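Read the structure below first, then the notes.
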Amino acid sequence: MPSICINDALTDDELRSILSKLENDKDRDVFGLVCKRWLLLQSTERKKLAARAGPHMLQKMAARFSRLIELDMSQSISRSFFPGVTDSDIAVIADGLRCLTVLNLQHCKGISDKGMMSIGGGLSSLQSLNVSYCKKLTDKGLSAVAEGCQDLQVLHLDGCKFVTDKVLKALSKNCPNLQELGLQGCTRVTDCGLADLVSGCRWIHFLDINKCSNVGDSGISNVSEACSSSLKTLKLLDCFRVGDGSILSLARFCKNLETLIIGGCRDISDESIKSLATSCGSSLKNLRMDWCLNISNSSLSRVLAECRNLEALDIRCCEEVTDAAFHGLGTMGTEMRLKVLKISNCQKITVTGIGMLLDKCNSLEYLDVRSCPYITKSGCDEAGLQFPDCCRVNYTGSLNEPDVLL
C-alpha cells in the first residue's frame, strides 16, 4: 500500500482543528516544528505573545502572527533597555495587528502621545490597555485612545502624572463598557473628574485611585452611587481628603464591595467603619485600614463579627486597638475565614488577643506582628499558642509579605 503524506491528506482547516485541541503552549510550539506549512498555521493561529523587538522585527511578527489578540511589550522597572518601545513601534503594531484586544505597555517610558494616537486610530477592537508609568503621556494621547477604542473595558494609567480630569471625561463619553480603571498616583484627578467618569461609565467594578491626593468624599460618593451594583474593588491608599462621608456612602450603596483599601485615610472613624461592616458584611473579603488612627476596638470588633467572609485584614499602626477587639470572637458560632492579618505596630495587642483569634481561625496563613512588644516568638511558645501548619508568623520582618492588600 503506497504511503500517504499527512500534508496531502489534511486540509488547512483540519490541521487548525487539531491545533486547537492542544492546550499546552509547548505542544503548540512543537506542532510548528513539523514543517513550514505547520509552522505557518501555528503562527497565524497564535493568540498571545510577549516580545521585545524593534520596528523591522515587529513588521515580520505582524505578518506572521496576523490573528494575535494579546501582546505584551511591557518593560521591567529594574531591567529596562534603551531605547525600549518607541512611537514607531506602536505605529507598526497599530497598523499590522488590528485584531488586538489586549495590549500591555507598562513601563515603556519612550512612548508619547503620538504612539497613543496610533493606537486610537488603528486598534478599534482594543479592550484592555496598560500604559502604567509611561510618564510622557498626556490628556491628548489618552483621549485619542478613548475616542478610537470604544470597546475599552480595562485601562491602567498608574503613574501617568500628566493625566487630568479631561481623560476621565473622554472615557465617560466614549467607553460606556469600562469596568476596570487604574489611576494610582494621578494626582491631577479630582472629584469633578470622577463625577464626569461615572456619568457615562456605570459598570466599573475595579477602581484604583491610590495616592490621588485631590480626591475626597464628593468624588467617592458619586462613584458609590453611580456604580452601586458593580463596584467590587476600591483602592484609596493615602487619599487624605477621604473621610467618613465616603465610607458611609459605600455602606449605603455598594452592597457587593469585596476589597476596600483606605490605609492612610486618617479622618475615618469608628462609626463609618461600623456601618460598612453591617452593610457589606456578607461581601467584604479584603480590608486595609493601616494608619487610620481613629479606629479602635469598637469598629474592629464589629468587622470581625459581621464580615464573616473576610480573608485579609490590615490594621497596622492603629494604636488604639487592644485585645478587647477580639473578645467577641468567643461567641461566634462559626470559624473565621481569615487568611492574612497584619497588626504590626499595634502595641496594645498581646499574646492573649492572638490566642483568642486562633481559637476561631484555623485558616490563617500569614500574621504580621512586627513591632508588637507584647507578641514575641518566645511569648507565643510559652502561652502554648498553636498556629495552623501553613501559617507564617512575621516577628522581625524576615518574611516576604503577601500582596493581597497592596
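In the C-alpha cells, each chain is lettered A, B, ... as it comes, each chain's residues begin at 1, and ligands are numbered from 1 in order of appearance.
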Could you name the residues that touch Lys47 of chain A at 12 Å or less, counting only C-alpha atoms, but leaving out those on the same chain fewer than 6 positions away, as a PDB file with N, CA and C atoms, in the first residue's frame?
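Ended up saving to around.pdb:
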```pdb
ATOM      1  N   SER A  20      -6.117  23.315  17.588  1.00  0.00           N
ATOM      2  CA  SER A  20      -6.996  23.902  18.605  1.00  0.00           C
ATOM      3  C   SER A  20      -7.183  22.992  19.810  1.00  0.00           C
ATOM      4  N   ASP A  25       1.070  25.264  25.708  1.00  0.00           N
ATOM      5  CA  ASP A  25       1.826  26.113  24.780  1.00  0.00           C
ATOM      6  C   ASP A  25       3.030  25.384  24.192  1.00  0.00           C
ATOM      7  N   ARG A  28       1.929  23.233  21.360  1.00  0.00           N
ATOM      8  CA  ARG A  28       1.605  24.046  20.175  1.00  0.00           C
ATOM      9  C   ARG A  28       2.882  24.481  19.448  1.00  0.00           C
ATOM     10  N   ARG A  64       3.513  37.420  10.442  1.00  0.00           N
ATOM     11  CA  ARG A  64       3.480  36.006  10.843  1.00  0.00           C
ATOM     12  C   ARG A  64       2.333  35.708  11.806  1.00  0.00           C
ATOM     13  N   PHE A  65       2.104  36.587  12.762  1.00  0.00           N
ATOM     14  CA  PHE A  65       1.079  36.359  13.788  1.00  0.00           C
ATOM     15  C   PHE A  65      -0.131  37.258  13.524  1.00  0.00           C
ATOM     16  N   SER A  66      -0.737  37.074  12.405  1.00  0.00           N
ATOM     17  CA  SER A  66      -1.767  38.009  11.950  1.00  0.00           C
ATOM     18  C   SER A  66      -3.039  37.996  12.785  1.00  0.00           C
ATOM     19  N   ARG A  67      -3.282  36.905  13.524  1.00  0.00           N
ATOM     20  CA  ARG A  67      -4.513  36.807  14.317  1.00  0.00           C
ATOM     21  C   ARG A  67      -4.260  37.016  15.813  1.00  0.00           C
ATOM     22  N   LEU A  68      -3.141  37.600  16.145  1.00  0.00           N
ATOM     23  CA  LEU A  68      -2.787  37.845  17.536  1.00  0.00           C
ATOM     24  C   LEU A  68      -3.814  38.734  18.215  1.00  0.00           C
ATOM     25  N   ILE A  69      -4.217  38.353  19.441  1.00  0.00           N
ATOM     26  CA  ILE A  69      -5.184  39.182  20.161  1.00  0.00           C
ATOM     27  C   ILE A  69      -4.610  39.746  21.467  1.00  0.00           C
ATOM     28  N   GLU A  70      -3.507  39.158  21.974  1.00  0.00           N
ATOM     29  CA  GLU A  70      -2.893  39.680  23.194  1.00  0.00           C
ATOM     30  C   GLU A  70      -1.399  39.870  22.967  1.00  0.00           C
ATOM     31  N   LEU A  71      -0.909  41.089  23.215  1.00  0.00           N
ATOM     32  CA  LEU A  71       0.511  41.401  23.026  1.00  0.00           C
ATOM     33  C   LEU A  71       1.053  42.092  24.269  1.00  0.00           C
ATOM     34  N   ASP A  72       2.142  41.541  24.798  1.00  0.00           N
ATOM     35  CA  ASP A  72       2.802  42.100  25.974  1.00  0.00           C
ATOM     36  C   ASP A  72       4.163  42.644  25.567  1.00  0.00           C
ATOM     37  N   LEU A  97      -1.413  44.730  13.517  1.00  0.00           N
ATOM     38  CA  LEU A  97      -2.066  43.772  14.418  1.00  0.00           C
ATOM     39  C   LEU A  97      -3.433  44.318  14.838  1.00  0.00           C
ATOM     40  N   CYS A  99      -6.257  43.011  15.084  1.00  0.00           N
ATOM     41  CA  CYS A  99      -7.165  42.161  15.861  1.00  0.00           C
ATOM     42  C   CYS A  99      -6.903  42.247  17.361  1.00  0.00           C
ATOM     43  N   LEU A 100      -5.878  42.985  17.762  1.00  0.00           N
ATOM     44  CA  LEU A 100      -5.509  43.036  19.176  1.00  0.00           C
ATOM     45  C   LEU A 100      -6.669  43.491  20.048  1.00  0.00           C
ATOM     46  N   THR A 101      -6.866  42.765  21.159  1.00  0.00           N
ATOM     47  CA  THR A 101      -7.832  43.195  22.170  1.00  0.00           C
ATOM     48  C   THR A 101      -7.138  43.525  23.490  1.00  0.00           C
ATOM     49  N   VAL A 102      -5.905  43.011  23.685  1.00  0.00           N
ATOM     50  CA  VAL A 102      -5.168  43.265  24.925  1.00  0.00           C
ATOM     51  C   VAL A 102      -3.755  43.721  24.583  1.00  0.00           C
TER      52      VAL A 102
END
```
With the cut-off set at 8 Å and counting only C-alpha atoms, tabulate each residue of segment 86-139 of chain A with an atom at most that distance from an atom of segment 150-172 of chain A, showing the nearest atom pair and its distance in Å to one decimal, ordered by chain and increasing number, as JSON lines.
```
{"residue": "A:Ser124", "atom": "CA", "partner": "A:Gln150", "partner_atom": "CA", "distance": 7.0}
{"residue": "A:Ser125", "atom": "CA", "partner": "A:Asp151", "partner_atom": "CA", "distance": 6.4}
{"residue": "A:Leu126", "atom": "CA", "partner": "A:Leu152", "partner_atom": "CA", "distance": 6.0}
{"residue": "A:Gln127", "atom": "CA", "partner": "A:Leu152", "partner_atom": "CA", "distance": 4.0}
{"residue": "A:Ser128", "atom": "CA", "partner": "A:Val154", "partner_atom": "CA", "distance": 4.5}
{"residue": "A:Leu129", "atom": "CA", "partner": "A:Leu155", "partner_atom": "CA", "distance": 5.0}
{"residue": "A:Asn130", "atom": "CA", "partner": "A:His156", "partner_atom": "CA", "distance": 4.7}
{"residue": "A:Val131", "atom": "CA", "partner": "A:Leu157", "partner_atom": "CA", "distance": 5.6}
{"residue": "A:Ser132", "atom": "CA", "partner": "A:Asp158", "partner_atom": "CA", "distance": 4.5}
{"residue": "A:Tyr133", "atom": "CA", "partner": "A:Gly159", "partner_atom": "CA", "distance": 4.7}
{"residue": "A:Cys134", "atom": "CA", "partner": "A:Cys160", "partner_atom": "CA", "distance": 6.2}
{"residue": "A:Lys135", "atom": "CA", "partner": "A:Cys160", "partner_atom": "CA", "distance": 5.2}
{"residue": "A:Lys136", "atom": "CA", "partner": "A:Cys160", "partner_atom": "CA", "distance": 7.5}
{"residue": "A:Leu137", "atom": "CA", "partner": "A:Cys160", "partner_atom": "CA", "distance": 6.5}
{"residue": "A:Thr138", "atom": "CA", "partner": "A:Phe162", "partner_atom": "CA", "distance": 5.1}
{"residue": "A:Asp139", "atom": "CA", "partner": "A:Val167", "partner_atom": "CA", "distance": 5.5}
```
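Every protein, DNA or RNA residue with an atom at most 7 Å from Arg337 of chain A, where only C-alpha atoms count and chain neighbours fewer than 6 positions away do not, is listed here: Asn309, Leu310, Glu311, Cys361 and Ser363 of chain A.
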Next, dump the selected residues to file, keeping only N, CA and C atoms, as a PDB file, in the first residue's frame.
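Saved the output as result.pdb:
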```
ATOM      1  N   ASN A 309     -16.940  36.612  55.747  1.00  0.00           N
ATOM      2  CA  ASN A 309     -16.142  36.118  54.615  1.00  0.00           C
ATOM      3  C   ASN A 309     -14.797  36.835  54.494  1.00  0.00           C
ATOM      4  N   LEU A 310     -14.440  37.601  55.523  1.00  0.00           N
ATOM      5  CA  LEU A 310     -13.196  38.357  55.484  1.00  0.00           C
ATOM      6  C   LEU A 310     -11.992  37.423  55.406  1.00  0.00           C
ATOM      7  N   GLU A 311     -11.086  37.691  54.441  1.00  0.00           N
ATOM      8  CA  GLU A 311      -9.905  36.855  54.233  1.00  0.00           C
ATOM      9  C   GLU A 311      -8.599  37.576  54.538  1.00  0.00           C
ATOM     10  N   CYS A 361      -9.931  30.674  64.345  1.00  0.00           N
ATOM     11  CA  CYS A 361      -9.392  30.848  62.991  1.00  0.00           C
ATOM     12  C   CYS A 361      -8.330  29.786  62.707  1.00  0.00           C
ATOM     13  N   SER A 363      -7.660  28.978  59.505  1.00  0.00           N
ATOM     14  CA  SER A 363      -7.269  29.177  58.108  1.00  0.00           C
ATOM     15  C   SER A 363      -6.138  30.189  57.948  1.00  0.00           C
TER      16      SER A 363
END
```
Select from segment 129-244 of chain A every residue with an atom at most 12 Å from any atom of segment 288-295 of chain A, then for each give the shortest pair of atoms and their distance in Å to one decimal, using only C-alpha atoms, rows by chain and rising number, as JSON lines.
```
{"residue": "A:Thr233", "atom": "CA", "partner": "A:Arg288", "partner_atom": "CA", "distance": 11.8}
{"residue": "A:Leu234", "atom": "CA", "partner": "A:Arg288", "partner_atom": "CA", "distance": 10.7}
{"residue": "A:Lys235", "atom": "CA", "partner": "A:Arg288", "partner_atom": "CA", "distance": 9.2}
{"residue": "A:Leu236", "atom": "CA", "partner": "A:Arg288", "partner_atom": "CA", "distance": 9.7}
{"residue": "A:Leu237", "atom": "CA", "partner": "A:Met289", "partner_atom": "CA", "distance": 8.7}
{"residue": "A:Asp238", "atom": "CA", "partner": "A:Trp291", "partner_atom": "CA", "distance": 9.3}
{"residue": "A:Cys239", "atom": "CA", "partner": "A:Cys292", "partner_atom": "CA", "distance": 11.5}
{"residue": "A:Phe240", "atom": "CA", "partner": "A:Cys292", "partner_atom": "CA", "distance": 10.3}
{"residue": "A:Val242", "atom": "CA", "partner": "A:Cys292", "partner_atom": "CA", "distance": 11.2}
{"residue": "A:Gly243", "atom": "CA", "partner": "A:Cys292", "partner_atom": "CA", "distance": 10.2}
{"residue": "A:Asp244", "atom": "CA", "partner": "A:Asn294", "partner_atom": "CA", "distance": 10.9}
```
Could you save the residues just selected, with N, CA, C and O atoms, as a compact mmCIF listing (two decimals), in the first residue's frame?
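Listing of selection.txt after writing:
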```txt
# COMPACT_ATOMS: atom_id res chain seq x y z
N THR A 233 -14.05 46.46 43.94
CA THR A 233 -12.73 46.81 44.47
C THR A 233 -12.52 48.32 44.39
O THR A 233 -12.65 48.91 43.32
N LEU A 234 -12.18 48.93 45.53
CA LEU A 234 -11.91 50.36 45.59
C LEU A 234 -10.65 50.58 46.41
O LEU A 234 -10.56 50.15 47.57
N LYS A 235 -9.67 51.24 45.80
CA LYS A 235 -8.38 51.48 46.46
C LYS A 235 -8.18 52.98 46.66
O LYS A 235 -8.16 53.74 45.68
N LEU A 236 -8.01 53.38 47.93
CA LEU A 236 -7.93 54.80 48.28
C LEU A 236 -6.72 55.07 49.17
O LEU A 236 -6.76 55.98 50.00
N LEU A 237 -5.64 54.33 49.01
CA LEU A 237 -4.47 54.48 49.86
C LEU A 237 -3.95 55.92 49.84
O LEU A 237 -3.72 56.50 48.78
N ASP A 238 -3.78 56.49 51.03
CA ASP A 238 -3.20 57.83 51.21
C ASP A 238 -4.01 58.93 50.54
O ASP A 238 -3.46 59.98 50.19
N CYS A 239 -5.29 58.70 50.35
CA CYS A 239 -6.18 59.78 49.88
C CYS A 239 -6.66 60.52 51.13
O CYS A 239 -7.71 60.22 51.71
N PHE A 240 -5.87 61.51 51.56
CA PHE A 240 -6.09 62.10 52.88
C PHE A 240 -7.35 62.94 52.96
O PHE A 240 -7.80 63.29 54.05
N VAL A 242 -10.22 61.83 51.96
CA VAL A 242 -11.32 60.87 52.13
C VAL A 242 -11.60 60.68 53.61
O VAL A 242 -10.68 60.44 54.41
N GLY A 243 -12.88 60.78 53.97
CA GLY A 243 -13.26 60.64 55.37
C GLY A 243 -14.51 59.78 55.53
O GLY A 243 -14.85 58.96 54.67
N ASP A 244 -15.21 60.01 56.62
CA ASP A 244 -16.40 59.21 56.93
C ASP A 244 -17.47 59.30 55.85
O ASP A 244 -18.21 58.33 55.63
```
Pick the closest to Cys346 of chain A from A:Asn210, A:Asn400, A:Ser296, A:Asn286: which is it, counting only C-alpha atoms?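 Counting only C-alpha atoms, the residue closest to Cys346 of chain A is A:Ser296.
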Any chance you could list, as a PyMOL selection string, the residues in segment 31-271 of chain A that come up alpha helix (DSSP H) when DSSP is run on the backbone? chain A and resi 31+36-45+55-64+87-96+113-122+139-148+165-174+191-200+217-226+244-253+270-271
Backbone DSSP call of strand (DSSP E or B) for segment 94-159 of chain A, listed as a ChimeraX atom specification: /A:102-104,128-130,154-156
Prev. selection, N, CA, C and O atoms, output as a compact mmCIF listing (two decimals), in the first residue's frame:
```
# COMPACT_ATOMS: atom_id res chain seq x y z
N VAL A 102 -5.91 43.01 23.69
CA VAL A 102 -5.17 43.26 24.92
C VAL A 102 -3.76 43.72 24.58
O VAL A 102 -3.04 43.04 23.83
N LEU A 103 -3.34 44.87 25.13
CA LEU A 103 -2.01 45.41 24.86
C LEU A 103 -1.41 45.92 26.17
O LEU A 103 -1.99 46.77 26.85
N ASN A 104 -0.23 45.39 26.52
CA ASN A 104 0.46 45.78 27.75
C ASN A 104 1.74 46.52 27.40
O ASN A 104 2.65 45.96 26.79
N SER A 128 -8.38 46.07 26.38
CA SER A 128 -7.56 46.22 27.58
C SER A 128 -6.24 46.88 27.22
O SER A 128 -5.53 46.40 26.32
N LEU A 129 -5.90 47.96 27.92
CA LEU A 129 -4.65 48.69 27.66
C LEU A 129 -3.99 49.05 28.99
O LEU A 129 -4.63 49.64 29.87
N ASN A 130 -2.71 48.70 29.13
CA ASN A 130 -1.93 49.07 30.30
C ASN A 130 -0.76 49.93 29.86
O ASN A 130 0.16 49.45 29.19
N VAL A 154 -10.77 47.71 30.15
CA VAL A 154 -9.72 47.78 31.17
C VAL A 154 -8.69 48.81 30.74
O VAL A 154 -8.17 48.75 29.63
N LEU A 155 -8.39 49.76 31.64
CA LEU A 155 -7.39 50.78 31.34
C LEU A 155 -6.59 51.07 32.61
O LEU A 155 -7.16 51.41 33.65
N HIS A 156 -5.26 50.92 32.50
CA HIS A 156 -4.38 51.22 33.64
C HIS A 156 -3.44 52.36 33.27
O HIS A 156 -2.67 52.27 32.32
```
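Among the candidates A:Thr352, A:Leu260, A:Thr331, A:Leu15, the one nearest to Gly384 of chain A when counting only C-alpha atoms is A:Thr352.
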